[in-house]
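Structure file input_37.pdb with PDB, C-alpha atoms, pLDDT in the B column:
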MODEL        1
ATOM      1  CA  MET A   1      -7.479  16.550   6.045  1.00 65.00           C
ATOM      2  CA  SER A   2     -11.124  15.638   6.509  1.00 89.00           C
ATOM      3  CA  GLU A   3     -12.163  12.557   8.436  1.00 93.00           C
ATOM      4  CA  LEU A   4     -13.813  11.142   5.299  1.00 91.00           C
ATOM      5  CA  LEU A   5     -10.602  11.559   3.308  1.00 92.00           C
ATOM      6  CA  GLU A   6      -8.501   9.987   6.072  1.00 94.00           C
ATOM      7  CA  GLN A   7     -10.862   7.010   6.207  1.00 96.00           C
ATOM      8  CA  PHE A   8     -10.845   6.675   2.411  1.00 96.00           C
ATOM      9  CA  LEU A   9      -7.052   6.699   2.259  1.00 96.00           C
ATOM     10  CA  ALA A  10      -6.701   4.154   5.063  1.00 97.00           C
ATOM     11  CA  GLU A  11      -9.278   1.822   3.552  1.00 97.00           C
ATOM     12  CA  GLY A  12      -7.937   2.386   0.054  1.00 97.00           C
ATOM     13  CA  ARG A  13      -4.463   1.336   1.115  1.00 98.00           C
ATOM     14  CA  GLU A  14      -5.885  -1.785   2.772  1.00 98.00           C
ATOM     15  CA  LEU A  15      -7.911  -2.676  -0.326  1.00 98.00           C
ATOM     16  CA  VAL A  16      -4.893  -2.226  -2.608  1.00 98.00           C
ATOM     17  CA  GLN A  17      -2.814  -4.451  -0.346  1.00 98.00           C
ATOM     18  CA  GLN A  18      -5.573  -7.062  -0.184  1.00 98.00           C
ATOM     19  CA  ALA A  19      -5.997  -7.091  -3.966  1.00 98.00           C
ATOM     20  CA  ALA A  20      -2.234  -7.432  -4.475  1.00 98.00           C
ATOM     21  CA  GLU A  21      -1.988 -10.324  -2.013  1.00 98.00           C
ATOM     22  CA  ASP A  22      -4.937 -12.107  -3.597  1.00 98.00           C
ATOM     23  CA  LEU A  23      -3.601 -11.643  -7.119  1.00 97.00           C
ATOM     24  CA  LEU A  24      -0.129 -12.865  -6.161  1.00 97.00           C
ATOM     25  CA  ALA A  25      -1.673 -15.933  -4.512  1.00 96.00           C
ATOM     26  CA  LEU A  26      -3.840 -16.481  -7.590  1.00 95.00           C
ATOM     27  CA  GLU A  27      -0.737 -16.348  -9.744  1.00 92.00           C
ATOM     28  CA  GLN A  28       0.597 -19.332  -7.773  1.00 93.00           C
ATOM     29  CA  ASP A  29      -2.729 -21.200  -7.680  1.00 94.00           C
ATOM     30  CA  GLN A  30      -4.865 -20.160 -10.640  1.00 91.00           C
ATOM     31  CA  ALA A  31      -7.761 -22.370  -9.535  1.00 90.00           C
ATOM     32  CA  ASN A  32      -8.155 -20.604  -6.168  1.00 94.00           C
ATOM     33  CA  ALA A  33     -11.703 -19.282  -6.501  1.00 95.00           C
ATOM     34  CA  ALA A  34     -11.668 -17.714  -3.016  1.00 97.00           C
ATOM     35  CA  ARG A  35      -8.661 -15.536  -3.874  1.00 97.00           C
ATOM     36  CA  LEU A  36     -10.282 -14.505  -7.149  1.00 97.00           C
ATOM     37  CA  GLU A  37     -13.481 -13.524  -5.320  1.00 97.00           C
ATOM     38  CA  ASP A  38     -11.514 -11.576  -2.721  1.00 98.00           C
ATOM     39  CA  ALA A  39      -9.527  -9.718  -5.390  1.00 98.00           C
ATOM     40  CA  PHE A  40     -12.754  -8.850  -7.208  1.00 98.00           C
ATOM     41  CA  ARG A  41     -14.354  -7.595  -3.982  1.00 98.00           C
ATOM     42  CA  ALA A  42     -11.337  -5.430  -3.125  1.00 98.00           C
ATOM     43  CA  VAL A  43     -11.237  -3.835  -6.594  1.00 98.00           C
ATOM     44  CA  HIS A  44     -15.018  -3.375  -6.645  1.00 97.00           C
ATOM     45  CA  THR A  45     -15.044  -1.715  -3.227  1.00 97.00           C
ATOM     46  CA  LEU A  46     -12.140   0.573  -4.099  1.00 97.00           C
ATOM     47  CA  LYS A  47     -13.805   1.545  -7.386  1.00 97.00           C
ATOM     48  CA  GLY A  48     -16.916   2.587  -5.508  1.00 95.00           C
ATOM     49  CA  ALA A  49     -14.942   4.604  -2.979  1.00 95.00           C
ATOM     50  CA  VAL A  50     -12.954   6.613  -5.548  1.00 95.00           C
ATOM     51  CA  ALA A  51     -16.221   7.967  -6.929  1.00 91.00           C
ATOM     52  CA  LEU A  52     -16.435  10.147  -3.810  1.00 91.00           C
ATOM     53  CA  PHE A  53     -13.275  12.025  -4.761  1.00 91.00           C
ATOM     54  CA  ASP A  54     -11.698  13.609  -7.834  1.00 86.00           C
ATOM     55  CA  LEU A  55     -10.033  10.398  -8.973  1.00 96.00           C
ATOM     56  CA  ALA A  56     -11.691   9.759 -12.337  1.00 96.00           C
ATOM     57  CA  PRO A  57      -8.592   8.210 -14.001  1.00 97.00           C
ATOM     58  CA  MET A  58      -8.268   5.743 -11.147  1.00 98.00           C
ATOM     59  CA  GLY A  59     -11.973   4.971 -11.345  1.00 97.00           C
ATOM     60  CA  ARG A  60     -11.707   4.163 -15.063  1.00 98.00           C
ATOM     61  CA  VAL A  61      -8.799   1.796 -14.478  1.00 98.00           C
ATOM     62  CA  LEU A  62     -10.528   0.058 -11.593  1.00 98.00           C
ATOM     63  CA  HIS A  63     -13.670  -0.350 -13.694  1.00 98.00           C
ATOM     64  CA  ALA A  64     -11.635  -2.050 -16.443  1.00 98.00           C
ATOM     65  CA  ALA A  65      -9.907  -4.239 -13.837  1.00 98.00           C
ATOM     66  CA  GLU A  66     -13.279  -5.190 -12.428  1.00 97.00           C
ATOM     67  CA  ASP A  67     -14.428  -6.202 -15.921  1.00 97.00           C
ATOM     68  CA  LEU A  68     -11.353  -8.395 -16.381  1.00 97.00           C
ATOM     69  CA  LEU A  69     -11.830  -9.957 -12.957  1.00 97.00           C
ATOM     70  CA  GLU A  70     -15.469 -10.667 -13.812  1.00 97.00           C
ATOM     71  CA  ALA A  71     -14.333 -12.391 -17.016  1.00 97.00           C
ATOM     72  CA  LEU A  72     -11.903 -14.481 -14.958  1.00 96.00           C
ATOM     73  CA  ARG A  73     -14.675 -15.383 -12.514  1.00 95.00           C
ATOM     74  CA  ALA A  74     -16.964 -16.432 -15.375  1.00 95.00           C
ATOM     75  CA  GLY A  75     -14.221 -18.510 -17.011  1.00 93.00           C
ATOM     76  CA  ARG A  76     -14.232 -16.408 -20.184  1.00 94.00           C
ATOM     77  CA  VAL A  77     -10.546 -15.577 -19.631  1.00 93.00           C
ATOM     78  CA  PRO A  78      -7.978 -17.928 -18.069  1.00 90.00           C
ATOM     79  CA  ALA A  79      -6.386 -16.766 -14.831  1.00 88.00           C
ATOM     80  CA  GLY A  80      -2.937 -16.911 -16.389  1.00 91.00           C
ATOM     81  CA  ARG A  81       0.130 -14.822 -15.807  1.00 93.00           C
ATOM     82  CA  ALA A  82      -0.724 -12.257 -18.519  1.00 94.00           C
ATOM     83  CA  ALA A  83      -4.107 -11.370 -17.019  1.00 95.00           C
ATOM     84  CA  ILE A  84      -2.779 -11.286 -13.484  1.00 96.00           C
ATOM     85  CA  ASP A  85       0.185  -9.121 -14.490  1.00 96.00           C
ATOM     86  CA  ARG A  86      -2.196  -6.579 -16.038  1.00 97.00           C
ATOM     87  CA  LEU A  87      -4.262  -6.588 -12.855  1.00 98.00           C
ATOM     88  CA  LEU A  88      -1.146  -6.165 -10.710  1.00 98.00           C
ATOM     89  CA  ASP A  89      -0.184  -3.147 -12.847  1.00 97.00           C
ATOM     90  CA  CYS A  90      -3.600  -1.673 -12.062  1.00 98.00           C
ATOM     91  CA  VAL A  91      -3.105  -2.287  -8.356  1.00 98.00           C
ATOM     92  CA  ALA A  92       0.364  -0.710  -8.421  1.00 98.00           C
ATOM     93  CA  ALA A  93      -0.950   2.369 -10.232  1.00 98.00           C
ATOM     94  CA  SER A  94      -3.834   2.642  -7.778  1.00 98.00           C
ATOM     95  CA  GLU A  95      -1.424   2.517  -4.869  1.00 98.00           C
ATOM     96  CA  ALA A  96       0.713   5.267  -6.399  1.00 98.00           C
ATOM     97  CA  TRP A  97      -2.358   7.401  -7.135  1.00 98.00           C
ATOM     98  CA  LEU A  98      -3.601   7.039  -3.561  1.00 97.00           C
ATOM     99  CA  GLU A  99      -0.259   8.268  -2.256  1.00 97.00           C
ATOM    100  CA  GLU A 100      -0.209  11.121  -4.773  1.00 97.00           C
ATOM    101  CA  PHE A 101      -3.732  12.119  -3.778  1.00 96.00           C
ATOM    102  CA  ALA A 102      -2.816  11.980  -0.076  1.00 96.00           C
ATOM    103  CA  ARG A 103       0.252  14.141  -0.682  1.00 95.00           C
ATOM    104  CA  ASP A 104      -1.048  16.637  -3.262  1.00 95.00           C
ATOM    105  CA  GLY A 105      -4.825  16.534  -2.925  1.00 92.00           C
ATOM    106  CA  ALA A 106      -5.159  15.728  -6.640  1.00 94.00           C
ATOM    107  CA  LEU A 107      -3.771  13.515  -9.354  1.00 95.00           C
ATOM    108  CA  ALA A 108      -1.263  14.937 -11.804  1.00 94.00           C
ATOM    109  CA  PRO A 109      -2.522  15.589 -15.342  1.00 95.00           C
ATOM    110  CA  ALA A 110      -0.364  12.681 -16.534  1.00 96.00           C
ATOM    111  CA  ALA A 111      -2.663  10.299 -14.652  1.00 97.00           C
ATOM    112  CA  ALA A 112      -5.226  10.516 -17.459  1.00 97.00           C
ATOM    113  CA  ASN A 113      -2.739   9.237 -20.053  1.00 98.00           C
ATOM    114  CA  GLN A 114      -1.428   6.565 -17.714  1.00 98.00           C
ATOM    115  CA  ALA A 115      -4.997   5.462 -17.010  1.00 98.00           C
ATOM    116  CA  ALA A 116      -5.831   5.279 -20.715  1.00 98.00           C
ATOM    117  CA  GLY A 117      -2.875   2.958 -21.287  1.00 98.00           C
ATOM    118  CA  LEU A 118      -3.817   0.739 -18.367  1.00 98.00           C
ATOM    119  CA  VAL A 119      -7.452   0.570 -19.450  1.00 98.00           C
ATOM    120  CA  ALA A 120      -6.374  -0.452 -22.948  1.00 97.00           C
ATOM    121  CA  ARG A 121      -4.141  -3.210 -21.542  1.00 96.00           C
ATOM    122  CA  LEU A 122      -6.852  -4.489 -19.209  1.00 97.00           C
ATOM    123  CA  ARG A 123      -9.501  -4.488 -21.931  1.00 96.00           C
ATOM    124  CA  ALA A 124      -7.120  -6.204 -24.386  1.00 94.00           C
ATOM    125  CA  GLY A 125      -7.457  -9.260 -22.170  1.00 73.00           C
ATOM    126  CA  LEU A 126     -11.240  -9.382 -22.545  1.00 89.00           C
ATOM    127  CA  PRO A 127     -12.997 -11.528 -25.128  1.00 85.00           C
ATOM    128  CA  GLN A 128     -14.605  -9.568 -27.947  1.00 76.00           C
TER     129      GLN A 128
ENDMDL
END
Could you quickly redo this structure as structure tokens?
Amino acid sequence: MSELLEQFLAEGRELVQQAAEDLLALEQDQANAARLEDAFRAVHTLKGAVALFDLAPMGRVLHAAEDLLEALRAGRVPAGRAAIDRLLDCVAASEAWLEEFARDGALAPAAANQAAGLVARLRAGLPQ
């Protein structure tokens, strides 16, 4: 395993954990702007990092999650349970994809369909 890949996986795992912690805290205190900013930053950073590897489905999901988080930050979408649950699903899928990539060196073909479903759910929460 290359040093770049090892660093990506380590940082990716940390970013997924950070995003999950921030989202769970935001679920308890929906007005916590610091947690919302931290979740956005973690997702944004992870999205940028996946572009270095063959993780296009994960990148698409993280991009949609970033859009939803931006809408939450701007107050266009309330930081309610439905939005946070969709974001937590994204984080869980990202965690699983990181482990799959670490183990197999690639994502399974089914990742594209899973990503499409997650993107649709995340975008359903955005104002038209």
What's around range 88-96 of chain A at 8 Å? Count only C-alpha atoms, leave out sequence neighbours fewer than 6 positions away in its own chain, and write the answer as a list in words.
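The residues satisfying every condition are Arg13, Val16, Ala19, Ala20, Leu23, Met58, Val61, Leu62, Ala65 and Leu118 of chain A.
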Please dump the current selection as a short mmCIF file (atom, residue, chain, number, x, y, z; two decimals), in the frame of the given file; keep C-alpha atoms.
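Wrote it out as selection-v6.cif, contents follow:
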data_model
loop_
_atom_site.label_atom_id
_atom_site.label_comp_id
_atom_site.auth_asym_id
_atom_site.auth_seq_id
_atom_site.Cartn_x
_atom_site.Cartn_y
_atom_site.Cartn_z
CA ARG A 13 -4.46 1.34 1.12
CA VAL A 16 -4.89 -2.23 -2.61
CA ALA A 19 -6.00 -7.09 -3.97
CA ALA A 20 -2.23 -7.43 -4.47
CA LEU A 23 -3.60 -11.64 -7.12
CA MET A 58 -8.27 5.74 -11.15
CA VAL A 61 -8.80 1.80 -14.48
CA LEU A 62 -10.53 0.06 -11.59
CA ALA A 65 -9.91 -4.24 -13.84
CA LEU A 118 -3.82 0.74 -18.37
#
Starting from the PyMOL selection byres ((chain A and resi 115) around 8), expand the selection into actual residues of this file and give them as a PyMOL selection string.
chain A and resi 57-58+60-61+111-114+116-119
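Computed from the coordinates, the CA of Ile84 in chain A to CA of Val43 in chain A distance equals 13.2 Å.
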Mind working out the centre and edge lengths of an axis-aligned box for range 74-92 of chain A, all listed atoms inside, 4 Å added to each side, rounded to one decimal in Å and written as AutoDock Vina command-line options?
--center_x -8.3 --center_y -9.6 --center_z -14.3 --size_x 25.3 --size_y 25.8 --size_z 19.8
Got a sec: who's within 6 Å of Leu15 in chain A, counting only C-alpha atoms, leaving out chain neighbours fewer than 3 positions off, as a CSV table (one decimal) with C-alpha atoms, keeping the file's coordinate frame?
chain,number,residue,atom,x,y,z
A,12,GLY,CA,-7.9,2.4,0.1
A,18,GLN,CA,-5.6,-7.1,-0.2
A,42,ALA,CA,-11.3,-5.4,-3.1
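In this structure, CA of Ala74 in chain A sits 13.5 Å away from CA of Ala34 in chain A.
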For the PyMOL selection byres ((chain A and resi 5) around 12), applied here, can you spell out every residue it catches as a PyMOL selection string?
chain A and resi 1-4+6-12+49-50+52-54+98+101-103+105
What would range 8-24 of chain A look like with N, CA, C and O atoms restored, written as a short mmCIF file (atom, residue, chain, number, x, y, z; two decimals), in the frame of the given file?
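Once everything was written out, this is selection_39.cif:
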data_model
loop_
_atom_site.label_atom_id
_atom_site.label_comp_id
_atom_site.auth_asym_id
_atom_site.auth_seq_id
_atom_site.Cartn_x
_atom_site.Cartn_y
_atom_site.Cartn_z
N PHE A 8 -10.99 7.17 3.78
CA PHE A 8 -10.84 6.68 2.41
C PHE A 8 -9.42 6.22 2.14
O PHE A 8 -9.18 5.15 1.58
N LEU A 9 -8.45 7.04 2.52
CA LEU A 9 -7.05 6.70 2.26
C LEU A 9 -6.64 5.45 3.02
O LEU A 9 -5.96 4.57 2.46
N ALA A 10 -7.05 5.34 4.28
CA ALA A 10 -6.70 4.15 5.06
C ALA A 10 -7.32 2.90 4.45
O ALA A 10 -6.65 1.88 4.25
N GLU A 11 -8.60 2.98 4.14
CA GLU A 11 -9.28 1.82 3.55
C GLU A 11 -8.76 1.53 2.15
O GLU A 11 -8.63 0.37 1.76
N GLY A 12 -8.47 2.57 1.39
CA GLY A 12 -7.94 2.39 0.05
C GLY A 12 -6.62 1.65 0.08
O GLY A 12 -6.39 0.73 -0.73
N ARG A 13 -5.76 2.02 0.99
CA ARG A 13 -4.46 1.34 1.12
C ARG A 13 -4.66 -0.13 1.48
O ARG A 13 -3.96 -1.01 0.96
N GLU A 14 -5.61 -0.40 2.38
CA GLU A 14 -5.88 -1.78 2.77
C GLU A 14 -6.43 -2.59 1.59
O GLU A 14 -6.04 -3.75 1.39
N LEU A 15 -7.33 -1.98 0.82
CA LEU A 15 -7.91 -2.68 -0.33
C LEU A 15 -6.87 -2.96 -1.40
O LEU A 15 -6.87 -4.04 -2.01
N VAL A 16 -5.97 -2.02 -1.64
CA VAL A 16 -4.89 -2.23 -2.61
C VAL A 16 -4.00 -3.38 -2.15
O VAL A 16 -3.65 -4.26 -2.94
N GLN A 17 -3.66 -3.38 -0.87
CA GLN A 17 -2.81 -4.45 -0.35
C GLN A 17 -3.53 -5.80 -0.45
O GLN A 17 -2.93 -6.80 -0.85
N GLN A 18 -4.81 -5.82 -0.11
CA GLN A 18 -5.57 -7.06 -0.18
C GLN A 18 -5.64 -7.58 -1.62
O GLN A 18 -5.43 -8.77 -1.88
N ALA A 19 -5.92 -6.69 -2.56
CA ALA A 19 -6.00 -7.09 -3.97
C ALA A 19 -4.65 -7.65 -4.43
O ALA A 19 -4.59 -8.67 -5.12
N ALA A 20 -3.56 -6.98 -4.07
CA ALA A 20 -2.23 -7.43 -4.47
C ALA A 20 -1.93 -8.82 -3.91
O ALA A 20 -1.45 -9.70 -4.63
N GLU A 21 -2.23 -9.01 -2.63
CA GLU A 21 -1.99 -10.32 -2.01
C GLU A 21 -2.81 -11.41 -2.69
O GLU A 21 -2.30 -12.50 -2.96
N ASP A 22 -4.08 -11.11 -2.95
CA ASP A 22 -4.94 -12.11 -3.60
C ASP A 22 -4.46 -12.42 -5.01
O ASP A 22 -4.45 -13.59 -5.42
N LEU A 23 -4.07 -11.41 -5.75
CA LEU A 23 -3.60 -11.64 -7.12
C LEU A 23 -2.29 -12.43 -7.14
O LEU A 23 -2.11 -13.31 -7.99
N LEU A 24 -1.39 -12.11 -6.23
CA LEU A 24 -0.13 -12.86 -6.16
C LEU A 24 -0.38 -14.32 -5.79
O LEU A 24 0.25 -15.24 -6.34
#
